[in-house]
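Shown here: model.cif, mmCIF, C-alpha atoms, pLDDT in the B column; chains and numbers go by the auth columns.
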data_input
loop_
_atom_site.group_PDB
_atom_site.id
_atom_site.type_symbol
_atom_site.label_atom_id
_atom_site.label_comp_id
_atom_site.label_asym_id
_atom_site.label_seq_id
_atom_site.Cartn_x
_atom_site.Cartn_y
_atom_site.Cartn_z
_atom_site.B_iso_or_equiv
_atom_site.auth_seq_id
_atom_site.auth_asym_id
ATOM 1 C CA MET A 1 -89.863 -66.208 -26.865 95.00 1378 A
ATOM 2 C CA LEU A 2 -93.092 -64.942 -28.454 97.00 1379 A
ATOM 3 C CA ASP A 3 -96.265 -64.744 -26.360 98.00 1380 A
ATOM 4 C CA ILE A 4 -99.668 -63.397 -27.378 99.00 1381 A
ATOM 5 C CA VAL A 5 -101.933 -62.199 -24.559 98.00 1382 A
ATOM 6 C CA ILE A 6 -105.205 -60.345 -24.374 98.00 1383 A
ATOM 7 C CA ALA A 7 -104.382 -56.906 -22.986 98.00 1384 A
ATOM 8 C CA ARG A 8 -106.338 -56.619 -19.752 96.00 1385 A
ATOM 9 C CA SER A 9 -104.181 -54.659 -17.334 96.00 1386 A
ATOM 10 C CA GLU A 10 -103.699 -50.916 -17.535 96.00 1387 A
ATOM 11 C CA ARG A 11 -100.042 -51.473 -18.404 97.00 1388 A
ATOM 12 C CA GLU A 12 -100.877 -53.905 -21.230 98.00 1389 A
ATOM 13 C CA ARG A 13 -103.559 -51.595 -22.641 96.00 1390 A
ATOM 14 C CA ALA A 14 -101.096 -48.685 -22.545 97.00 1391 A
ATOM 15 C CA ALA A 15 -98.593 -50.791 -24.525 98.00 1392 A
ATOM 16 C CA VAL A 16 -101.270 -51.447 -27.174 98.00 1393 A
ATOM 17 C CA PHE A 17 -101.790 -47.726 -27.687 96.00 1394 A
ATOM 18 C CA VAL A 18 -98.057 -46.957 -27.695 97.00 1395 A
ATOM 19 C CA ILE A 19 -97.527 -49.516 -30.486 98.00 1396 A
ATOM 20 C CA ARG A 20 -100.472 -48.233 -32.509 97.00 1397 A
ATOM 21 C CA GLY A 21 -99.215 -44.681 -32.084 96.00 1398 A
ATOM 22 C CA ALA A 22 -95.731 -45.644 -33.254 98.00 1399 A
ATOM 23 C CA VAL A 23 -96.943 -47.537 -36.328 97.00 1400 A
ATOM 24 C CA PHE A 24 -100.066 -45.727 -37.487 96.00 1401 A
ATOM 25 C CA VAL A 25 -99.596 -42.173 -36.246 95.00 1402 A
ATOM 26 C CA ALA A 26 -95.797 -41.744 -36.381 96.00 1403 A
ATOM 27 C CA GLU A 27 -94.895 -44.009 -39.343 96.00 1404 A
ATOM 28 C CA GLN A 28 -98.013 -43.798 -41.515 95.00 1405 A
ATOM 29 C CA ASP A 29 -99.214 -40.281 -40.640 94.00 1406 A
ATOM 30 C CA VAL A 30 -102.702 -41.432 -39.643 93.00 1407 A
ATOM 31 C CA PRO A 31 -104.349 -38.560 -37.756 91.00 1408 A
ATOM 32 C CA ILE A 32 -104.471 -39.436 -34.074 89.00 1409 A
ATOM 33 C CA GLU A 33 -108.207 -38.688 -33.939 87.00 1410 A
ATOM 34 C CA GLU A 34 -108.788 -41.401 -36.587 88.00 1411 A
ATOM 35 C CA GLU A 35 -106.578 -43.981 -34.909 88.00 1412 A
ATOM 36 C CA TRP A 36 -108.472 -44.350 -31.635 86.00 1413 A
ATOM 37 C CA ASP A 37 -112.233 -44.781 -31.692 87.00 1414 A
ATOM 38 C CA GLU A 38 -115.214 -45.746 -29.561 89.00 1415 A
ATOM 39 C CA ARG A 39 -114.926 -49.386 -30.691 92.00 1416 A
ATOM 40 C CA ASP A 40 -111.702 -49.790 -28.728 92.00 1417 A
ATOM 41 C CA ALA A 41 -113.730 -50.129 -25.518 91.00 1418 A
ATOM 42 C CA ALA A 42 -115.630 -53.173 -26.861 93.00 1419 A
ATOM 43 C CA ALA A 43 -112.680 -54.895 -28.559 96.00 1420 A
ATOM 44 C CA ASP A 44 -110.387 -57.687 -27.472 97.00 1421 A
ATOM 45 C CA HIS A 45 -106.893 -56.222 -27.805 98.00 1422 A
ATOM 46 C CA PHE A 46 -104.103 -58.714 -28.457 99.00 1423 A
ATOM 47 C CA LEU A 47 -100.570 -57.881 -27.372 99.00 1424 A
ATOM 48 C CA ALA A 48 -97.495 -59.638 -28.768 99.00 1425 A
ATOM 49 C CA LEU A 49 -94.545 -59.875 -26.397 98.00 1426 A
ATOM 50 C CA VAL A 50 -91.046 -60.992 -27.361 98.00 1427 A
ATOM 51 C CA ASP A 51 -89.125 -61.924 -24.237 97.00 1428 A
ATOM 52 C CA GLY A 52 -91.663 -59.888 -22.280 97.00 1429 A
ATOM 53 C CA VAL A 53 -91.278 -56.755 -24.418 98.00 1430 A
ATOM 54 C CA PRO A 54 -94.397 -55.496 -26.283 99.00 1431 A
ATOM 55 C CA VAL A 55 -93.835 -55.480 -30.062 99.00 1432 A
ATOM 56 C CA GLY A 56 -97.231 -55.876 -31.731 99.00 1433 A
ATOM 57 C CA THR A 57 -100.978 -55.598 -31.345 99.00 1434 A
ATOM 58 C CA GLY A 58 -104.314 -56.128 -33.052 98.00 1435 A
ATOM 59 C CA ARG A 59 -107.959 -55.886 -32.061 98.00 1436 A
ATOM 60 C CA LEU A 60 -110.951 -58.143 -32.601 99.00 1437 A
ATOM 61 C CA LEU A 61 -114.520 -56.891 -32.665 98.00 1438 A
ATOM 62 C CA VAL A 62 -117.690 -58.950 -33.003 97.00 1439 A
ATOM 63 C CA ARG A 63 -120.196 -57.986 -35.696 97.00 1440 A
ATOM 64 C CA GLY A 64 -123.081 -60.434 -35.753 96.00 1441 A
ATOM 65 C CA ALA A 65 -121.674 -63.901 -36.475 96.00 1442 A
ATOM 66 C CA GLU A 66 -118.351 -62.528 -37.717 98.00 1443 A
ATOM 67 C CA GLY A 67 -115.180 -61.170 -36.234 98.00 1444 A
ATOM 68 C CA VAL A 68 -113.622 -57.947 -37.458 98.00 1445 A
ATOM 69 C CA LEU A 69 -109.844 -57.844 -37.168 99.00 1446 A
ATOM 70 C CA GLY A 70 -108.252 -54.431 -37.152 97.00 1447 A
ATOM 71 C CA ARG A 71 -105.457 -52.185 -35.984 97.00 1448 A
ATOM 72 C CA LEU A 72 -102.846 -54.894 -36.600 98.00 1449 A
ATOM 73 C CA ALA A 73 -99.511 -53.216 -35.917 98.00 1450 A
ATOM 74 C CA VAL A 74 -96.012 -54.591 -35.403 98.00 1451 A
ATOM 75 C CA LEU A 75 -93.067 -52.410 -34.449 98.00 1452 A
ATOM 76 C CA ARG A 76 -90.508 -52.084 -37.239 97.00 1453 A
ATOM 77 C CA ARG A 77 -87.813 -54.009 -35.342 96.00 1454 A
ATOM 78 C CA ALA A 78 -90.076 -57.076 -34.992 97.00 1455 A
ATOM 79 C CA ARG A 79 -91.455 -57.225 -38.543 96.00 1456 A
ATOM 80 C CA GLY A 80 -90.727 -60.328 -40.575 93.00 1457 A
ATOM 81 C CA SER A 81 -90.362 -62.506 -37.486 95.00 1458 A
ATOM 82 C CA GLY A 82 -93.835 -64.083 -37.405 97.00 1459 A
ATOM 83 C CA VAL A 83 -95.361 -61.655 -34.905 98.00 1460 A
ATOM 84 C CA GLY A 84 -98.092 -60.461 -37.279 98.00 1461 A
ATOM 85 C CA ALA A 85 -99.094 -63.999 -38.248 98.00 1462 A
ATOM 86 C CA ALA A 86 -99.195 -65.006 -34.570 99.00 1463 A
ATOM 87 C CA LEU A 87 -101.469 -62.061 -33.755 99.00 1464 A
ATOM 88 C CA VAL A 88 -103.831 -62.962 -36.611 99.00 1465 A
ATOM 89 C CA GLY A 89 -103.844 -66.600 -35.489 98.00 1466 A
ATOM 90 C CA ALA A 90 -104.677 -65.644 -31.904 98.00 1467 A
ATOM 91 C CA ALA A 91 -107.560 -63.454 -33.076 98.00 1468 A
ATOM 92 C CA GLU A 92 -108.900 -66.229 -35.319 98.00 1469 A
ATOM 93 C CA GLU A 93 -108.693 -68.728 -32.470 97.00 1470 A
ATOM 94 C CA ARG A 94 -110.599 -66.400 -30.155 97.00 1471 A
ATOM 95 C CA ALA A 95 -113.219 -65.769 -32.852 97.00 1472 A
ATOM 96 C CA ALA A 96 -113.663 -69.508 -33.431 96.00 1473 A
ATOM 97 C CA ARG A 97 -114.021 -70.153 -29.681 95.00 1474 A
ATOM 98 C CA ARG A 98 -116.801 -67.574 -29.647 95.00 1475 A
ATOM 99 C CA GLY A 99 -118.582 -69.483 -32.413 95.00 1476 A
ATOM 100 C CA LEU A 100 -117.971 -66.862 -35.096 97.00 1477 A
ATOM 101 C CA VAL A 101 -118.055 -68.121 -38.679 97.00 1478 A
ATOM 102 C CA ALA A 102 -115.572 -65.778 -40.370 98.00 1479 A
ATOM 103 C CA VAL A 103 -113.113 -62.950 -39.836 99.00 1480 A
ATOM 104 C CA GLU A 104 -113.127 -59.843 -42.014 98.00 1481 A
ATOM 105 C CA LEU A 105 -110.619 -57.016 -42.169 98.00 1482 A
ATOM 106 C CA HIS A 106 -109.578 -53.968 -44.148 98.00 1483 A
ATOM 107 C CA ALA A 107 -106.034 -54.592 -45.380 98.00 1484 A
ATOM 108 C CA GLN A 108 -103.663 -51.905 -46.526 96.00 1485 A
ATOM 109 C CA THR A 109 -102.942 -52.839 -50.132 97.00 1486 A
ATOM 110 C CA HIS A 110 -99.226 -53.384 -49.465 95.00 1487 A
ATOM 111 C CA ALA A 111 -100.229 -56.091 -46.939 97.00 1488 A
ATOM 112 C CA LEU A 112 -102.578 -58.085 -49.208 98.00 1489 A
ATOM 113 C CA GLY A 113 -99.979 -60.817 -49.788 97.00 1490 A
ATOM 114 C CA PHE A 114 -99.424 -61.221 -46.043 98.00 1491 A
ATOM 115 C CA TYR A 115 -103.118 -61.853 -45.429 98.00 1492 A
ATOM 116 C CA GLU A 116 -103.480 -64.050 -48.529 98.00 1493 A
ATOM 117 C CA ARG A 117 -100.729 -66.318 -47.158 98.00 1494 A
ATOM 118 C CA LEU A 118 -102.850 -66.651 -44.003 98.00 1495 A
ATOM 119 C CA GLY A 119 -105.896 -67.754 -46.002 98.00 1496 A
ATOM 120 C CA TYR A 120 -107.739 -64.461 -46.525 99.00 1497 A
ATOM 121 C CA THR A 121 -109.427 -63.563 -49.815 98.00 1498 A
ATOM 122 C CA ALA A 122 -109.759 -59.990 -51.055 98.00 1499 A
ATOM 123 C CA TYR A 123 -113.168 -58.735 -52.139 98.00 1500 A
ATOM 124 C CA GLY A 124 -114.617 -55.517 -53.506 97.00 1501 A
ATOM 125 C CA PRO A 125 -112.861 -52.496 -54.936 97.00 1502 A
ATOM 126 C CA GLU A 126 -109.939 -50.638 -53.425 98.00 1503 A
ATOM 127 C CA PHE A 127 -110.950 -47.833 -51.050 97.00 1504 A
ATOM 128 C CA GLU A 128 -109.246 -45.266 -48.863 95.00 1505 A
ATOM 129 C CA GLU A 129 -109.133 -45.162 -45.059 92.00 1506 A
ATOM 130 C CA ALA A 130 -107.106 -42.506 -43.258 90.00 1507 A
ATOM 131 C CA GLY A 131 -105.535 -41.583 -46.597 90.00 1508 A
ATOM 132 C CA ILE A 132 -104.246 -45.147 -47.195 94.00 1509 A
ATOM 133 C CA ALA A 133 -105.435 -47.565 -49.920 96.00 1510 A
ATOM 134 C CA HIS A 134 -107.213 -50.668 -48.540 97.00 1511 A
ATOM 135 C CA ARG A 135 -109.164 -53.722 -49.703 98.00 1512 A
ATOM 136 C CA GLY A 136 -111.701 -55.769 -47.804 98.00 1513 A
ATOM 137 C CA MET A 137 -110.606 -59.327 -46.980 99.00 1514 A
ATOM 138 C CA ARG A 138 -112.372 -62.323 -45.478 98.00 1515 A
ATOM 139 C CA LYS A 139 -111.554 -65.771 -44.138 99.00 1516 A
ATOM 140 C CA GLU A 140 -114.102 -68.437 -43.269 98.00 1517 A
ATOM 141 C CA LEU A 141 -113.319 -70.130 -39.970 96.00 1518 A
ATOM 142 C CA PRO A 142 -113.501 -73.905 -39.563 88.00 1519 A
ATOM 143 C CA ARG A 143 -116.650 -75.061 -37.820 77.00 1520 A
ATOM 144 C CA ARG A 144 -115.981 -76.160 -34.268 65.00 1521 A
ATOM 145 C CA ARG A 145 -117.236 -79.553 -33.260 59.00 1522 A
ATOM 146 C CA GLY A 146 -118.838 -79.461 -29.958 54.00 1523 A
#
What do you get writing this file as structure tokens?
Amino acid sequence: MLDIVIARSERERAAVFVIRGAVFVAEQDVPIEEEWDERDAAADHFLALVDGVPVGTGRLLVRGAEGVLGRLAVLRRARGSGVGAALVGAAEERAARRGLVAVELHAQTHALGFYERLGYTAYGPEFEEAGIAHRGMRKELPRRRG
């Protein structure tokens, strides 16, 4: 069973960083000093659990009236099972509840199709972050009736 929670406990937060280390640092050779930053303290960190076992994470920051989704990482063994889409959906739901109007992200170019299937639109030229090609992407959130 797949559950998405906001990582609040020390144990949950540790799992977030273990997953990010496995995906970004170990698999993609992102320098560890670029992977963790001062924005982590202000972010909502989402943790995906399959049968209680942590398998994915992502973070949501607030920038004005928009959310910024980042650090989306799913362990290799859980990829292709809907974990990434569930994490994005949870972040969008949280952003909408906060009254944010859109979510933006920097997508690795190999993941553009994944985000496009979830309703994101690429904008601007390709650029490099941590030695990896990215594009900016954006999705307008539905207005909440209140």
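Atom pair atom CA of Glu1389 of chain A / atom CA of Ala1488 of chain A has a distance of 25.8 Å (rounded to one decimal).
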key: Shell around Arg1456 of chain A at 12 Å using only C-alpha atoms, local window under 3 positions removed, as an NGL selection string   = :A and (1400 or 1425 or 1427 or 1432-1433 or 1449-1453 or 1459-1463 or 1491)
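Here, the PyMOL selection byres ((chain A and resi 1438) around 9) matches Arg1416, Asp1417, Ala1419, Ala1420, Asp1421, Arg1436, Leu1437, Val1439, Arg1440, Glu1443, Gly1444, Val1445, Leu1446, Gly1447 and Ala1472 of chain A.
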query = To one decimal place, how far is atom CA of Ala1510 of chain A from atom CA of Arg1448 of chain A in Å?
reply = 14.7 Å
query = At most 10 Å from (-102.8, -50.3, -48.3), file frame, only C-alpha atoms: which residues, as a PyMOL selection string?
reply = chain A and resi 1483-1489+1503-1506+1508-1512
message = When the PyMOL selection byres ((chain A and resi 1430) around 12) is applied to the structure above, which residues does it catch, written out as a ChimeraX atom specification?
response = /A:1378-1382,1388-1389,1392-1393,1396,1424-1429,1431-1434,1452,1454-1455
Quick one: residues within 7 Å of Met1514 of chain A, all atoms listed in the file counted, chain neighbours fewer than 5 positions away excluded, as a PDB file with C-alpha atoms, in the coordinates of the input?
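After the write, out14.pdb holds the following:
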ATOM      1  CA  GLU A1481    -113.127 -59.843 -42.014  1.00 98.00           C
ATOM      2  CA  LEU A1482    -110.619 -57.016 -42.169  1.00 98.00           C
ATOM      3  CA  HIS A1483    -109.578 -53.968 -44.148  1.00 98.00           C
ATOM      4  CA  ALA A1484    -106.034 -54.592 -45.380  1.00 98.00           C
ATOM      5  CA  TYR A1497    -107.739 -64.461 -46.525  1.00 99.00           C
ATOM      6  CA  THR A1498    -109.427 -63.563 -49.815  1.00 98.00           C
ATOM      7  CA  ALA A1499    -109.759 -59.990 -51.055  1.00 98.00           C
ATOM      8  CA  TYR A1500    -113.168 -58.735 -52.139  1.00 98.00           C
TER       9      TYR A1500
END
